[in-house]
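Q: Starting off with a structure, shown below.
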Amino acid sequence: MSKKKIVVVEDEPDILEVLSYNLKREGFEVATALDGTTGLGLVEKLAPDLVLLDLMLPGMDGLEICRQIKGNKKIAHISVIMVSAKGEESDVVLGLGIGADDYIAKPFSPRELIARVKAVMRRSQVSDALDDSDIIDVEGLVIDAAKFSVSYLGRPIKFTATEAIRKKISEDTQFIETIRGIGYRFMDVRSE
């Protein structure tokens, strides 16, 4: 399994060094930039798994970089954590509002930073897994887990969270098997 890549964009060299050291120690591959323009270039070139982004940067500020990342289809999936000395509620809301996945106010401990990075990475992996397997299509039955929707033979099926899908579909669905006390599963309907 390849190392997860992180781009750190921070204009204070001492903080940049501490961040880079701690992330590398945790097994991440780290690329760094001291200004916004270089940082955005690294993100576009490397397409990392996560970006740690200072808010106040020379060249281009962190908010603009985040906007550009989230506005670019090729890199919009990249997780962004804003790191800033501006810890007012309005700053946090603004950062999260433009697409940041988390916001950490300075000063922070390296342990907190690593914990937040790992949490955002976990959420990203779950989201990626759902994106890859969120639609099941079997003989006209389409279940879209991301949208919580079900249709059968092109007909949308409305149901509550506790209703049994099988009753709503009809008896001609031979590929759903009832497992008493557990739920349902798809049967193998391939001919032998």
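In the structure tokens, chains take letters A, B, ... by order of appearance, with residues numbered from 1 within each chain and ligands from 1 in the order shown.
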Tell me, as number ranges by chain, which residues lie within 10 Å of Leu52 in chain A, counting only C-alpha atoms; anything in the same chain fewer than 4 positions away does not count.
A: A: 6-10, 19, 32, 39, 62, 79-83, 100, 102-104, 113, 117
Q: Any idea what's packed within 8 Å of Leu42 in chain A, counting only C-alpha atoms, ignoring anything in its chain fewer than 5 positions away? Could you give it as a VMD selection string?
A: chain A and resid 7 31 33 47
Q: May I ask for the distance between CA of Asp54 in chain A and CA of Ser84 in chain A, given in Å to one decimal place?
A: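 Separation between CA of Asp54 in chain A and CA of Ser84 in chain A: 5.4 Å.
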Q: Kindly indicate which residue among A:Pro110, A:Gly140, A:Gly154, A:Gly71 lies nearest to Lys24 in chain A, using only C-alpha atoms for the distances.
A: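 Closest residue, counting only C-alpha atoms: A:Pro110.
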Q: Give me the residues near Arg123 in chain A as a list of chain:residue names, where near means some atom within 12 Å (using only C-alpha atoms) and where sequence neighbours in that chain fewer than 6 positions away do not count.
A: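 Here the qualifying residues turn out to be A:Asp49, A:Leu50, A:His77, A:Ile78, A:Ser79, A:Asp101, A:Asp102, A:Arg116, A:Val117, A:Ala129, A:Leu130.
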Q: With DSSP run on the backbone, what are the strand (DSSP E or B) residues within range 4-53 of chain A? I'd like them as a list in words.
A: Lys5, Ile6, Val7, Val8, Val9, Glu29, Val30, Ala31, Thr32, Ala33, Leu50, Val51, Leu52 and Leu53 of chain A
Q: Find the distance between CA of Leu34 in chain A and CA of Pro13 in chain A and write it in Å to one decimal.
A: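 It comes out at 7.3 Å.
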Q: Using only C-alpha atoms, can you tell me which of A:Gly36, A:Ser149, A:Pro48, A:Val30 comes closest to Val18 in chain A?
A: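 The closest residue to Val18 in chain A is A:Val30.
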Q: What separation in Å, quoted to one decimal, exists between CA of Thr38 in chain A and CA of Ala85 in chain A?
A: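 A separation of 21.0 Å between them.
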Q: Among range 18-105 of chain A, which residues does DSSP mark as helix (DSSP H, G or I) when it is run on the backbone? Keep the chain and numbering as in the structure and answer as a PyMOL selection string.
A: chain A and resi 18-25+36-46+62-70+89-97
Q: Show which residues sit within 9 Å of Ile69 in chain A, as number ranges by chain. Count only C-alpha atoms, and ignore same-chain residues fewer than 4 positions away.
A: A: 40, 43-44, 64-65, 73-78, 80, 99
Q: Just to be explicit: take each residue in the selection above, keep C-alpha atoms, and write the result as a tab-separated table (two decimals), in the first residue's frame.
A:
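Output below, filename selection-v9.tsv:
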chain	number	residue	atom	x	y	z
A	40	LEU	CA	-1.66	25.41	-5.34
A	43	VAL	CA	-1.64	20.36	-5.23
A	44	GLU	CA	-2.45	20.41	-8.94
A	64	GLU	CA	-8.66	31.29	-2.41
A	65	ILE	CA	-6.56	28.12	-2.67
A	73	LYS	CA	-13.20	18.74	-10.90
A	74	LYS	CA	-9.83	17.00	-11.17
A	75	ILE	CA	-8.79	17.81	-7.58
A	76	ALA	CA	-12.08	18.68	-5.82
A	77	HIS	CA	-12.00	15.29	-4.04
A	78	ILE	CA	-8.85	16.26	-2.11
A	80	VAL	CA	-8.46	20.21	2.98
A	99	GLY	CA	-15.23	23.40	1.35
Q: Using only C-alpha atoms, which of the listed residues (A:Ile15, A:Leu141, A:Val93, A:Val51) sits closest to Glu29 in chain A?
A: A:Val51
